[in-house]
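Asks: Please read through the structure below; I'll follow up with questions.
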Amino acid sequence: MSIFRVERQVNGVAHLVMDDSSRKVNVIGEPAIADLERAVTVLESDTELRGVVLMSGKPGSFVAGADVNGIAAVTEREEVHALVRRVHAVFGRLAALHCPTVAAIDGICLGGGTELALACDSRIASEEEHTQIGLPETMLGIIPGFGGTTRLPRLVGLSTALDLILTGRSVDARKAERMGLIARAVPAAWLIEHAHRRLAELEKRSAKRRRDRYRARGFMAWFMDVSAAGRGLVLSRARSMTLKRTAGHYPAPLAALDVIEKGAGRAVDQALVIEANAVSGLAVGPVCKNLVRIFLLSERAKKDPPVAEPSPAPAPVRTLMIVGAGVMGGGVAALASRNNIDVRLRDLSPDSLTRALQTVRSLANERARKGKGGARALDAQMARILPGIELTGVRRADFALEAVVEKLDVKRRVFGELEVRLRPEAVLATNTSSLSVTELASGLARPERFCGFHFFNPVHRMPLVEVVRGRKTSDATIVTATRPDSW
Amino acid sequence: MSQPTSWIVSGVRTPFVKAGAVFRETPAYELGRVAIAELLAREELDPARLDEVVLGNCAGPAEATNVARVTALRAGIPEPVPAATVHRNCASGMEAVASAAQRIGAGDARLVLAGGTESMSQIPLLYSFEYAGWLESLMRAKNGLQKAAAFSRFRPHMLTPRIGIAEGLTDYVCGLNMGQTAEVLSREFRITRERQDQYALMSHQRAIAARERLREEIVPLFPAPKHEIVRDDVGPRDGQTLEALAKLKPYFDRKNGAVTVGNSCQVTDGAVALLVADEATARAWPAPPLGRIRAFAFAGLSPRRMGLGPVFAIAKALERAKLSLADIERFEINEAFAAQVLACLEASRSDGFARAELSRERALGEIPLDILNVNGGAIALGHPVGASGARLLLTLLMEMRRHRLRLGCAALCVGGGQGAAFILERDG
């Protein structure tokens, strides 16, 4: 079965297209590696080739990473080591190809995908929001082991490489361009044209200088990334900060630091040997196994239908009514408005509304400070919330959440008021942490659209909602409440 | 000329707040967002049913040139619903309702959200053209020599800003600012400082007495940055005295004038949202509609006497409605200036004025003070220019509903020499 296609273009350029027809997204596992070996052989034999563009056949998605199920299954260190060395070999052949190579990234590009792109001479990426490039391996208890730990510092310099590898965060194309991770951020519509243009630029360079590589700009960059004293300082700072953050419980970031330090100054081939040894040990260790398990469980929670098949389609939630603007109500208002949901926030007490709005603003400000959206995003988020002391604007809500005091009679009164005003198909939910959902539902005219929807405090930090099914709650209600992409 | 019936089914407004106070950081499109969203909430209306949004606005925020569209989208009105901003100076809010009525009359719309929004706090200071030109020459300078030459052309006076709000309140054609046009009327109709101050005092007293009633048309706002609730208009002054008003210096003609900031309207921020519907939609409305538009008219006159605009417009609107002034049970005439309202009352009761200016045999009639601006006017409540026209319609309809009245008239004077008037009708 073919995962990589080689498509020869009229201008002497080949497109190396990754498109695993058996999956929704491309991942790097054993089958992909085996097929890449075959495809690279084809490219190697084509002596008239002027260049190669590595791209994905999946619209809006590049490569999601390594096959995490594979990591979960493997138990033998030797098995990991053999696969890693095999990947090193074939990525090395791609890197050593006789003609220039450019990765054209559009969509998610993580872990093994980034490492595959790093094997190319140069990279460009679409500036679309869905393009996110990163090396999240340390979050799964391993290090980038398909050449990433070795190749990244050579491309972006020591401090930027540490930033990306130790945090595991991903960046958009503009940021990646500033970091030197890609050569250019371009509109997705012109991605292939720009890839060809980039190949033409690389063609003009001599074969030895073809690969993009790190050049320190300015004294500070030179000091921290090139000079021995500065590098030592950066590494020891990173080590002590990592120890402080992980309290010694997570071996992966420290291993990454070791590999980078030992690999520096060596030839890529020798550095990869160090990288392979480190990742093989980590991948069969208990920390990695647990982190991978958590990851797979949360992925499954996103995908698995919460009710028996065939499950009804979830109703989109565009407008949320929240009754009660306390700590929980305000927190949910912040979360929902940040996710483009219009919020009608109602509380009898203007002071509660004031505090809730101040909370939303300060959370949004914090995000703005961290560079996630500027003043305009903050303004748009605030404008999605309509605070009020009267119970109006209920009919527009697709979902109504009660977050008032934990008293049965108070809550029942709120449900009664909401029920007569809500559209019949809207979901009615309670944020109760202690009262019985079935009991709360008694007395409702439509108990089937009622469920528990319990957030944890602080809402913006706890990515967890407990959806509680009452005895009469319908499947459709549960599906809408658990649908992850609308929240 | 017959105008097909349009209905004003419902409406709300924000509190009116003196410019530079708690709405200082709330732009026009945020004031408008809350008014619109609260109106939709109160009516439990699916905004997809709207055919258009038309808002009056005068200051035109630079970052939101079609402020109606920005406001509509921020208020959660779906993208396919179009939006237009209209500008007829102080009558912009009425112009919006007139546009809505005309769209409905033409069969282009069944339900239109009309109103007005204005942040006079956020009218910017402007750089002079001279300074802009100098900056441009500096940017074009390529080498050091050219840059030095450009610098040498700088003069400190270039930095003197143009004050947007002052220029906006000055008529370009006659060169008078609005206060000066009020001085013109106070002299023409011999309206003394004392009468003006007495009128201003009455406006405050009525507005204070109407607090509870006005809350029926006001929706609260939680303005940034503190997000503390604002429920009421801040303009009306409890305990306002004639003595305090008498102490103020004339503002527009310091030596011989009679118009003070105390007997003029306040510079204010606020927004109004109304739902205008065709007959069938109004009849099917779940709650009883506020009232219908019997007739409206806009009229032009000399920019120097712009304050008399209501008289001209009321005469025209009454003619269209085939009514006489005596049929009207409540009046709302915008209080740009006490002198200007009092001049309108004089002009309207004068046979001479009617013959000379209105081509009528007899005077328009008496507008009794006890049915005029009974809940206070702009001197106390404030005058957010783009919104006031819609506010008068809303306040009038609420008052007519309260007392089961059949006919009311709202009018305002318009900078630049115009008047606007609406005749509204209820089934009692």
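Here's how to read the names in the structure tokens: chain A, B, ... by the order shown, residue numbers from 1 in each chain, ligand numbers from 1 in the order shown.
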Taking 3 positions as the minimum chain separation for residues in the same chain, which residues sit within 8 Å of segment 189-191 of chain A when counting only C-alpha atoms? Answer as an NGL selection string.
Replies: :A and (104 or 106 or 124-126 or 186 or 194-195)
Asks: Using only C-alpha atoms, find which residues of chain A lie within 6 Å of chain B and jot them down as a list in words.
Replies: Thr354, Thr392, Gly393 and Arg395 of chain A
Asks: Take the residues just selected and output them with N, CA, C and O atoms as a PDB file, in the first residue's frame.
Replies:
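Output file out_39.pdb is given in full below:
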```pdb
ATOM      1  N   THR A 354     -20.724  42.577  37.702  1.00  0.00           N
ATOM      2  CA  THR A 354     -19.514  43.390  37.624  1.00  0.00           C
ATOM      3  C   THR A 354     -18.275  42.520  37.859  1.00  0.00           C
ATOM      4  O   THR A 354     -17.315  42.565  37.089  1.00  0.00           O
ATOM      5  N   THR A 392     -34.200  37.901  30.196  1.00  0.00           N
ATOM      6  CA  THR A 392     -34.622  38.053  28.801  1.00  0.00           C
ATOM      7  C   THR A 392     -33.513  37.505  27.914  1.00  0.00           C
ATOM      8  O   THR A 392     -32.412  37.245  28.376  1.00  0.00           O
ATOM      9  N   GLY A 393     -33.819  37.362  26.635  1.00  0.00           N
ATOM     10  CA  GLY A 393     -32.830  36.813  25.708  1.00  0.00           C
ATOM     11  C   GLY A 393     -32.661  35.322  25.892  1.00  0.00           C
ATOM     12  O   GLY A 393     -31.627  34.754  25.565  1.00  0.00           O
ATOM     13  N   ARG A 395     -34.787  32.925  24.600  1.00  0.00           N
ATOM     14  CA  ARG A 395     -35.237  32.156  23.454  1.00  0.00           C
ATOM     15  C   ARG A 395     -34.143  31.937  22.423  1.00  0.00           C
ATOM     16  O   ARG A 395     -34.163  30.975  21.659  1.00  0.00           O
TER      17      ARG A 395
END
```
Asks: Just the strand (DSSP E) stuff from segment 129-376 of chain B, please, per backbone DSSP, written as a short mmCIF file (atom, residue, chain, number, x, y, z; two decimals) with all heavy atoms, in the first residue's frame.
Replies:
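Final file, states07.cif:
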```cif
data_model
loop_
_atom_site.label_atom_id
_atom_site.label_comp_id
_atom_site.auth_asym_id
_atom_site.auth_seq_id
_atom_site.Cartn_x
_atom_site.Cartn_y
_atom_site.Cartn_z
N ARG B 162 -6.93 70.39 15.81
CA ARG B 162 -8.29 70.81 15.47
C ARG B 162 -9.20 70.02 16.40
O ARG B 162 -9.07 68.81 16.53
CB ARG B 162 -8.60 70.47 14.02
CG ARG B 162 -7.69 71.20 13.06
CD ARG B 162 -7.89 70.70 11.66
NE ARG B 162 -9.29 70.87 11.23
CZ ARG B 162 -9.72 70.49 10.03
NH1 ARG B 162 -8.90 69.91 9.18
NH2 ARG B 162 -10.99 70.68 9.70
N ILE B 163 -10.11 70.72 17.05
CA ILE B 163 -10.96 70.06 18.03
C ILE B 163 -12.21 69.55 17.33
O ILE B 163 -13.07 70.33 16.92
CB ILE B 163 -11.29 71.01 19.20
CG1 ILE B 163 -9.95 71.46 19.82
CG2 ILE B 163 -12.18 70.35 20.23
CD1 ILE B 163 -10.06 72.64 20.73
N THR B 268 -23.30 64.46 25.30
CA THR B 268 -23.68 63.20 25.93
C THR B 268 -23.37 61.98 25.06
O THR B 268 -23.29 62.08 23.83
CB THR B 268 -25.20 63.24 26.22
OG1 THR B 268 -25.47 64.35 27.05
CG2 THR B 268 -25.71 61.99 26.87
N ASP B 269 -23.19 60.83 25.72
CA ASP B 269 -23.05 59.54 25.05
C ASP B 269 -24.31 58.72 25.27
O ASP B 269 -24.83 58.69 26.39
CB ASP B 269 -21.87 58.75 25.63
CG ASP B 269 -20.57 59.53 25.57
OD1 ASP B 269 -20.43 60.36 24.67
OD2 ASP B 269 -19.70 59.28 26.43
N GLY B 270 -24.75 58.00 24.23
CA GLY B 270 -25.92 57.14 24.41
C GLY B 270 -26.35 56.51 23.10
O GLY B 270 -25.89 56.91 22.02
N ALA B 271 -27.23 55.51 23.22
CA ALA B 271 -27.72 54.83 22.03
C ALA B 271 -29.17 54.42 22.22
O ALA B 271 -29.63 54.22 23.34
CB ALA B 271 -26.88 53.60 21.72
N VAL B 272 -29.88 54.34 21.10
CA VAL B 272 -31.30 53.99 21.09
C VAL B 272 -31.52 52.92 20.03
O VAL B 272 -30.93 52.98 18.95
CB VAL B 272 -32.16 55.22 20.75
CG1 VAL B 272 -33.64 54.88 20.82
CG2 VAL B 272 -31.82 56.39 21.66
N ALA B 273 -32.36 51.95 20.32
CA ALA B 273 -32.72 50.94 19.32
C ALA B 273 -34.23 50.79 19.28
O ALA B 273 -34.88 50.66 20.31
CB ALA B 273 -32.06 49.60 19.66
N LEU B 274 -34.79 50.83 18.07
CA LEU B 274 -36.24 50.68 17.87
C LEU B 274 -36.47 49.60 16.82
O LEU B 274 -35.64 49.40 15.93
CB LEU B 274 -36.85 52.00 17.35
CG LEU B 274 -36.62 53.27 18.17
CD1 LEU B 274 -37.10 54.49 17.37
CD2 LEU B 274 -37.37 53.18 19.49
N LEU B 275 -37.60 48.93 16.92
CA LEU B 275 -37.98 47.98 15.88
C LEU B 275 -39.12 48.60 15.08
O LEU B 275 -40.15 48.96 15.64
CB LEU B 275 -38.43 46.66 16.50
CG LEU B 275 -37.29 45.76 16.98
CD1 LEU B 275 -37.82 44.66 17.88
CD2 LEU B 275 -36.54 45.17 15.78
N VAL B 276 -38.88 48.76 13.78
CA VAL B 276 -39.89 49.34 12.90
C VAL B 276 -40.42 48.24 11.99
O VAL B 276 -39.63 47.50 11.38
CB VAL B 276 -39.28 50.50 12.07
CG1 VAL B 276 -40.36 51.19 11.26
CG2 VAL B 276 -38.58 51.51 12.99
N ALA B 277 -41.73 48.10 11.92
CA ALA B 277 -42.31 46.97 11.20
C ALA B 277 -43.44 47.41 10.29
O ALA B 277 -44.02 48.48 10.46
CB ALA B 277 -42.85 45.95 12.20
N ASP B 278 -43.74 46.56 9.31
CA ASP B 278 -44.91 46.84 8.47
C ASP B 278 -46.17 46.42 9.22
O ASP B 278 -46.11 45.82 10.29
CB ASP B 278 -44.77 46.17 7.10
CG ASP B 278 -44.87 44.65 7.18
OD1 ASP B 278 -44.96 44.11 8.30
OD2 ASP B 278 -44.85 44.01 6.12
N GLY B 291 -46.70 51.87 18.77
CA GLY B 291 -47.52 52.84 18.04
C GLY B 291 -47.13 52.86 16.58
O GLY B 291 -46.25 52.11 16.15
N ARG B 292 -47.81 53.71 15.81
CA ARG B 292 -47.48 53.76 14.38
C ARG B 292 -47.12 55.18 13.97
O ARG B 292 -47.43 56.14 14.67
CB ARG B 292 -48.62 53.21 13.54
CG ARG B 292 -49.94 53.92 13.72
CD ARG B 292 -51.03 53.26 12.90
NE ARG B 292 -52.31 53.88 13.17
CZ ARG B 292 -53.16 53.45 14.10
NH1 ARG B 292 -52.87 52.41 14.84
NH2 ARG B 292 -54.29 54.10 14.30
N ILE B 293 -46.47 55.26 12.81
CA ILE B 293 -46.04 56.56 12.30
C ILE B 293 -47.15 57.09 11.41
O ILE B 293 -47.45 56.53 10.37
CB ILE B 293 -44.72 56.40 11.50
CG1 ILE B 293 -43.62 55.84 12.42
CG2 ILE B 293 -44.31 57.73 10.90
CD1 ILE B 293 -42.39 55.35 11.66
N ARG B 294 -47.74 58.19 11.85
CA ARG B 294 -48.83 58.77 11.04
C ARG B 294 -48.22 59.57 9.89
O ARG B 294 -48.68 59.50 8.75
CB ARG B 294 -49.69 59.65 11.94
CG ARG B 294 -50.76 60.46 11.26
CD ARG B 294 -52.00 59.63 10.98
NE ARG B 294 -53.04 60.45 10.36
CZ ARG B 294 -54.13 60.88 10.99
NH1 ARG B 294 -54.35 60.55 12.24
NH2 ARG B 294 -55.00 61.64 10.35
N ALA B 295 -47.20 60.34 10.19
CA ALA B 295 -46.54 61.12 9.14
C ALA B 295 -45.20 61.62 9.67
O ALA B 295 -44.98 61.65 10.88
CB ALA B 295 -47.39 62.32 8.73
N PHE B 296 -44.30 61.93 8.74
CA PHE B 296 -43.07 62.60 9.17
C PHE B 296 -42.64 63.57 8.09
O PHE B 296 -43.08 63.47 6.94
CB PHE B 296 -41.95 61.61 9.49
CG PHE B 296 -41.52 60.76 8.34
CD1 PHE B 296 -40.58 61.22 7.42
CD2 PHE B 296 -42.03 59.48 8.18
CE1 PHE B 296 -40.17 60.43 6.37
CE2 PHE B 296 -41.62 58.68 7.12
CZ PHE B 296 -40.69 59.14 6.22
N ALA B 297 -41.82 64.53 8.47
CA ALA B 297 -41.35 65.51 7.48
C ALA B 297 -40.02 66.10 7.91
O ALA B 297 -39.74 66.24 9.10
CB ALA B 297 -42.39 66.63 7.33
N PHE B 298 -39.22 66.44 6.94
CA PHE B 298 -38.00 67.20 7.18
C PHE B 298 -38.15 68.52 6.45
O PHE B 298 -38.76 68.58 5.38
CB PHE B 298 -36.78 66.44 6.67
CG PHE B 298 -36.57 65.12 7.37
CD1 PHE B 298 -37.01 63.92 6.81
CD2 PHE B 298 -35.95 65.08 8.62
CE1 PHE B 298 -36.84 62.72 7.46
CE2 PHE B 298 -35.78 63.87 9.27
CZ PHE B 298 -36.22 62.68 8.70
N ALA B 299 -37.63 69.58 7.04
CA ALA B 299 -37.77 70.91 6.43
C ALA B 299 -36.44 71.65 6.52
O ALA B 299 -35.64 71.39 7.41
CB ALA B 299 -38.87 71.70 7.14
N GLY B 300 -36.24 72.59 5.59
CA GLY B 300 -35.00 73.37 5.59
C GLY B 300 -35.27 74.83 5.88
O GLY B 300 -36.36 75.34 5.61
N ARG B 330 -49.45 65.19 23.09
CA ARG B 330 -48.14 65.29 23.74
C ARG B 330 -47.10 65.73 22.71
O ARG B 330 -47.15 65.29 21.56
CB ARG B 330 -47.68 63.93 24.30
CG ARG B 330 -48.30 63.54 25.62
CD ARG B 330 -47.78 64.38 26.78
NE ARG B 330 -48.25 63.83 28.04
CZ ARG B 330 -49.46 64.06 28.57
NH1 ARG B 330 -50.32 64.83 27.92
NH2 ARG B 330 -49.80 63.53 29.72
N PHE B 331 -46.19 66.59 23.15
CA PHE B 331 -45.08 67.01 22.29
C PHE B 331 -43.75 66.63 22.90
O PHE B 331 -43.58 66.69 24.13
CB PHE B 331 -45.09 68.54 22.12
CG PHE B 331 -46.20 69.06 21.25
CD1 PHE B 331 -47.41 69.43 21.80
CD2 PHE B 331 -46.01 69.16 19.88
CE1 PHE B 331 -48.44 69.92 21.00
CE2 PHE B 331 -47.03 69.64 19.07
CZ PHE B 331 -48.26 70.02 19.64
N GLU B 332 -42.82 66.23 22.07
CA GLU B 332 -41.42 66.15 22.46
C GLU B 332 -40.67 67.03 21.47
O GLU B 332 -40.62 66.74 20.27
CB GLU B 332 -40.88 64.71 22.37
CG GLU B 332 -41.34 63.78 23.47
CD GLU B 332 -40.65 64.04 24.82
OE1 GLU B 332 -39.55 64.63 24.83
OE2 GLU B 332 -41.23 63.65 25.85
N ILE B 333 -40.14 68.14 21.96
CA ILE B 333 -39.29 68.97 21.10
C ILE B 333 -37.90 68.98 21.71
O ILE B 333 -37.75 69.30 22.90
CB ILE B 333 -39.85 70.41 20.96
CG1 ILE B 333 -41.23 70.37 20.28
CG2 ILE B 333 -38.88 71.28 20.15
CD1 ILE B 333 -41.87 71.73 20.11
#
```
Asks: Find the spatial neighbours of Val25 of chain A, counting only C-alpha atoms, within a cut-off of 12 Å - ignore same-chain residues fewer than 6 positions away - and output them as a count of residues only.
Replies: 20
Asks: Tell me, as a ChimeraX atom specification, which residues lie within 9 Å of Leu97 of chain A, counting only C-alpha atoms; anything in the same chain fewer than 5 positions away does not count.
Replies: /A:40,43-44,92
Asks: Using DSSP assignments from the backbone, pull out every residue in segment 3-134 of chain B that falls under helix (DSSP H, G or I) and give it to me as a ChimeraX atom specification.
Replies: /B:28-43,47-49,67-74,92-105,129-134
Asks: Kindly indicate which residue among B:Ala166, B:Ile218, B:Leu31, B:Leu242 lies nearest to Gly179 of chain B, using only C-alpha atoms for the distances.
Replies: B:Ala166
Asks: If we count only C-alpha atoms and set the cut-off at 12 Å, which residues sit around segment 118-120 of chain A, ignoring sequence neighbours fewer than 4 positions away in its own chain? Please answer as a short mmCIF file (atom, residue, chain, number, x, y, z; two decimals) with C-alpha atoms, in the first residue's frame.
Replies:
```
data_model
loop_
_atom_site.label_atom_id
_atom_site.label_comp_id
_atom_site.auth_asym_id
_atom_site.auth_seq_id
_atom_site.Cartn_x
_atom_site.Cartn_y
_atom_site.Cartn_z
CA LEU A 16 6.67 13.83 -2.75
CA GLY A 51 14.15 19.46 -6.86
CA VAL A 52 11.65 17.83 -4.51
CA VAL A 53 8.65 19.37 -2.75
CA LEU A 54 7.49 17.38 0.28
CA MET A 55 3.82 17.95 0.89
CA VAL A 87 14.02 6.45 10.45
CA HIS A 88 17.38 8.21 10.85
CA ALA A 89 18.68 6.35 7.83
CA VAL A 90 15.80 7.18 5.50
CA PHE A 91 15.51 10.81 6.68
CA GLY A 92 19.28 11.01 6.15
CA ARG A 93 18.90 9.79 2.59
CA LEU A 94 16.21 12.42 1.98
CA ALA A 95 18.53 15.08 3.42
CA ALA A 96 21.40 13.89 1.26
CA LEU A 97 19.42 13.84 -1.98
CA HIS A 98 21.32 15.15 -4.99
CA CYS A 99 18.79 17.94 -5.60
CA PRO A 100 17.27 20.62 -3.32
CA THR A 101 14.29 19.68 -1.14
CA VAL A 102 11.57 21.91 0.31
CA ALA A 103 8.77 20.95 2.71
CA ALA A 104 5.50 22.77 1.97
CA ILE A 105 3.52 22.73 5.19
CA CYS A 109 2.74 19.62 11.63
CA LEU A 110 3.83 18.01 14.86
CA GLY A 111 6.53 15.72 16.21
CA GLY A 112 7.59 13.22 13.53
CA GLY A 113 6.03 15.48 10.89
CA THR A 114 8.23 18.37 11.93
CA ILE A 124 7.79 27.02 3.89
CA ILE A 133 4.39 23.52 13.88
CA GLY A 134 5.94 21.98 16.96
CA LEU A 135 7.76 19.17 18.70
CA PRO A 144 12.14 14.25 19.42
CA PHE A 146 13.49 11.13 14.52
CA GLY A 147 16.34 13.60 14.16
CA GLY A 148 14.52 16.59 15.64
CA THR A 149 16.67 16.98 18.73
CA THR A 150 19.75 16.93 16.53
CA ARG A 151 18.60 18.96 13.54
CA LEU A 152 16.54 21.71 15.23
CA PRO A 153 19.40 23.48 17.09
CA ARG A 154 21.42 23.45 13.88
CA LEU A 155 18.57 25.24 12.11
CA VAL A 156 17.27 27.74 14.69
CA GLY A 180 14.00 30.53 11.45
CA LEU A 181 12.12 27.23 11.62
CA ILE A 182 10.69 27.91 8.17
CA ALA A 183 12.02 30.15 5.42
CA ALA A 195 7.71 25.97 -2.84
CA LEU A 199 13.58 25.40 -4.86
CA LEU A 202 18.15 26.82 -3.30
CA ARG A 210 22.13 24.32 0.21
CA ARG A 211 20.56 23.58 3.59
CA ASP A 212 19.06 26.42 5.61
CA ARG A 213 21.05 26.74 8.81
CA VAL A 268 24.87 14.88 12.37
#
```
Asks: Can you pull out the residues contacting Asp327 of chain B? Cut-off 10 Å, using only C-alpha atoms, and skip same-chain residues under 4 positions away; I want them as a PyMOL selection string.
Replies: chain B and resi 318+323+406-409
Asks: Since we have the selection now, will you write its residues out, keeping all heavy atoms, as a PDB file, in the first residue's frame?
Replies:
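Output file part39.pdb follows:
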```pdb
ATOM      1  N   LEU B 318     -47.820  67.965   9.936  1.00  0.00           N
ATOM      2  CA  LEU B 318     -49.258  68.053  10.240  1.00  0.00           C
ATOM      3  C   LEU B 318     -50.072  68.079   8.949  1.00  0.00           C
ATOM      4  O   LEU B 318     -51.120  67.438   8.844  1.00  0.00           O
ATOM      5  CB  LEU B 318     -49.552  69.314  11.070  1.00  0.00           C
ATOM      6  CG  LEU B 318     -49.171  69.249  12.550  1.00  0.00           C
ATOM      7  CD1 LEU B 318     -49.336  70.624  13.187  1.00  0.00           C
ATOM      8  CD2 LEU B 318     -50.005  68.206  13.284  1.00  0.00           C
ATOM      9  N   LEU B 323     -53.824  66.910   9.996  1.00  0.00           N
ATOM     10  CA  LEU B 323     -54.169  67.186  11.387  1.00  0.00           C
ATOM     11  C   LEU B 323     -53.832  68.628  11.694  1.00  0.00           C
ATOM     12  O   LEU B 323     -53.093  69.275  10.949  1.00  0.00           O
ATOM     13  CB  LEU B 323     -53.366  66.289  12.330  1.00  0.00           C
ATOM     14  CG  LEU B 323     -53.680  64.783  12.331  1.00  0.00           C
ATOM     15  CD1 LEU B 323     -52.615  64.026  13.092  1.00  0.00           C
ATOM     16  CD2 LEU B 323     -55.055  64.527  12.930  1.00  0.00           C
ATOM     17  N   ARG B 406     -53.725  59.256  21.942  1.00  0.00           N
ATOM     18  CA  ARG B 406     -53.822  58.812  20.549  1.00  0.00           C
ATOM     19  C   ARG B 406     -52.797  59.479  19.644  1.00  0.00           C
ATOM     20  O   ARG B 406     -52.295  58.845  18.715  1.00  0.00           O
ATOM     21  CB  ARG B 406     -55.223  59.090  20.015  1.00  0.00           C
ATOM     22  CG  ARG B 406     -56.324  58.370  20.795  1.00  0.00           C
ATOM     23  CD  ARG B 406     -57.690  58.715  20.221  1.00  0.00           C
ATOM     24  NE  ARG B 406     -57.871  58.117  18.910  1.00  0.00           N
ATOM     25  CZ  ARG B 406     -58.400  56.898  18.730  1.00  0.00           C
ATOM     26  NH1 ARG B 406     -58.787  56.194  19.763  1.00  0.00           N
ATOM     27  NH2 ARG B 406     -58.537  56.415  17.524  1.00  0.00           N
ATOM     28  N   LEU B 407     -52.512  60.760  19.883  1.00  0.00           N
ATOM     29  CA  LEU B 407     -51.644  61.465  18.935  1.00  0.00           C
ATOM     30  C   LEU B 407     -50.519  62.207  19.662  1.00  0.00           C
ATOM     31  O   LEU B 407     -50.761  62.882  20.670  1.00  0.00           O
ATOM     32  CB  LEU B 407     -52.464  62.464  18.114  1.00  0.00           C
ATOM     33  CG  LEU B 407     -53.324  61.854  17.012  1.00  0.00           C
ATOM     34  CD1 LEU B 407     -54.325  62.871  16.492  1.00  0.00           C
ATOM     35  CD2 LEU B 407     -52.454  61.320  15.868  1.00  0.00           C
ATOM     36  N   GLY B 408     -49.319  62.066  19.138  1.00  0.00           N
ATOM     37  CA  GLY B 408     -48.184  62.776  19.701  1.00  0.00           C
ATOM     38  C   GLY B 408     -47.276  63.273  18.590  1.00  0.00           C
ATOM     39  O   GLY B 408     -47.337  62.774  17.455  1.00  0.00           O
ATOM     40  N   CYS B 409     -46.454  64.252  18.943  1.00  0.00           N
ATOM     41  CA  CYS B 409     -45.552  64.813  17.936  1.00  0.00           C
ATOM     42  C   CYS B 409     -44.155  64.975  18.534  1.00  0.00           C
ATOM     43  O   CYS B 409     -44.002  65.502  19.633  1.00  0.00           O
ATOM     44  CB  CYS B 409     -46.081  66.169  17.467  1.00  0.00           C
ATOM     45  SG  CYS B 409     -44.916  67.051  16.421  1.00  0.00           S
TER      46      CYS B 409
END
```
Asks: Looking at B:Glu95, B:Glu279, B:Val81, B:Leu185, which one is nearest to Gly107 of chain B, with distances taken over only C-alpha atoms?
Replies: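 Checking each of B:Glu95, B:Glu279, B:Val81, B:Leu185 against Gly107 of chain B, counting only C-alpha atoms, the winner is B:Glu279.
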Asks: For Leu272 of chain A, which residue among A:Leu166, A:Ala185, A:Val259, A:Leu320 is the nearest when counting only C-alpha atoms?
Replies: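 Of A:Leu166, A:Ala185, A:Val259, A:Leu320, the one nearest Leu272 of chain A, counting only C-alpha atoms, is A:Val259.
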Asks: Find the spatial neighbours of segment 478-483 of chain A, counting only C-alpha atoms, within a cut-off of 8 Å - ignore same-chain residues fewer than 5 positions away - and output them as number ranges by chain.
Replies: A: 302, 305-307, 311-317, 427, 451, 453, 467, 469, 473
Asks: With C-alpha atoms retained, could you export that selection as an mmCIF file, in the first residue's frame?
Replies:
```cif
data_model
loop_
_atom_site.group_PDB
_atom_site.id
_atom_site.type_symbol
_atom_site.label_atom_id
_atom_site.label_comp_id
_atom_site.auth_asym_id
_atom_site.auth_seq_id
_atom_site.Cartn_x
_atom_site.Cartn_y
_atom_site.Cartn_z
ATOM 1 C CA LYS A 302 -13.038 13.466 22.015
ATOM 2 C CA PRO A 305 -19.762 8.775 20.957
ATOM 3 C CA PRO A 306 -21.083 9.081 24.525
ATOM 4 C CA VAL A 307 -24.255 7.169 23.691
ATOM 5 C CA SER A 311 -26.013 8.485 17.941
ATOM 6 C CA PRO A 312 -28.036 11.598 17.111
ATOM 7 C CA ALA A 313 -26.205 14.594 15.639
ATOM 8 C CA PRO A 314 -25.135 17.167 18.226
ATOM 9 C CA ALA A 315 -26.905 20.516 18.036
ATOM 10 C CA PRO A 316 -24.538 23.449 17.489
ATOM 11 C CA VAL A 317 -24.205 25.749 20.486
ATOM 12 C CA VAL A 427 -30.606 22.017 26.272
ATOM 13 C CA CYS A 451 -28.598 17.150 32.175
ATOM 14 C CA PHE A 453 -23.015 20.002 33.259
ATOM 15 C CA VAL A 467 -21.753 15.583 32.092
ATOM 16 C CA ARG A 469 -27.186 11.929 32.805
ATOM 17 C CA THR A 473 -32.074 12.609 29.854
#
```
Asks: Which residue, B:Arg283, B:Arg391, B:His204, B:Arg195, has the smallest gap to Ala246 of chain B when you use only C-alpha atoms?
Replies: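 Closest to Ala246 of chain B of all the choices is B:Arg195.
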Asks: Calculated over only C-alpha atoms, which of the candidates B:Gln340, B:Gln240, B:Ser203, B:Gln418 has the smallest distance to Ala313 of chain B?
Replies: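 Closest to Ala313 of chain B of all the choices is B:Gln418.
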Asks: Rank B:Ser10, B:Ser264, B:Ser350, B:Ser119 by their smallest atom-to-atom distance to Gly56 of chain B, using only C-alpha atoms, and report the top residue only.
Replies: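 Closest candidate: B:Ser119.
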Asks: Please measure the separation of atom CA of Ser362 of chain A and atom CA of Lys244 of chain A, giving the value in Å to one decimal.
Replies: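 One can read the atom CA of Ser362 of chain A to atom CA of Lys244 of chain A distance as 27.4 Å.
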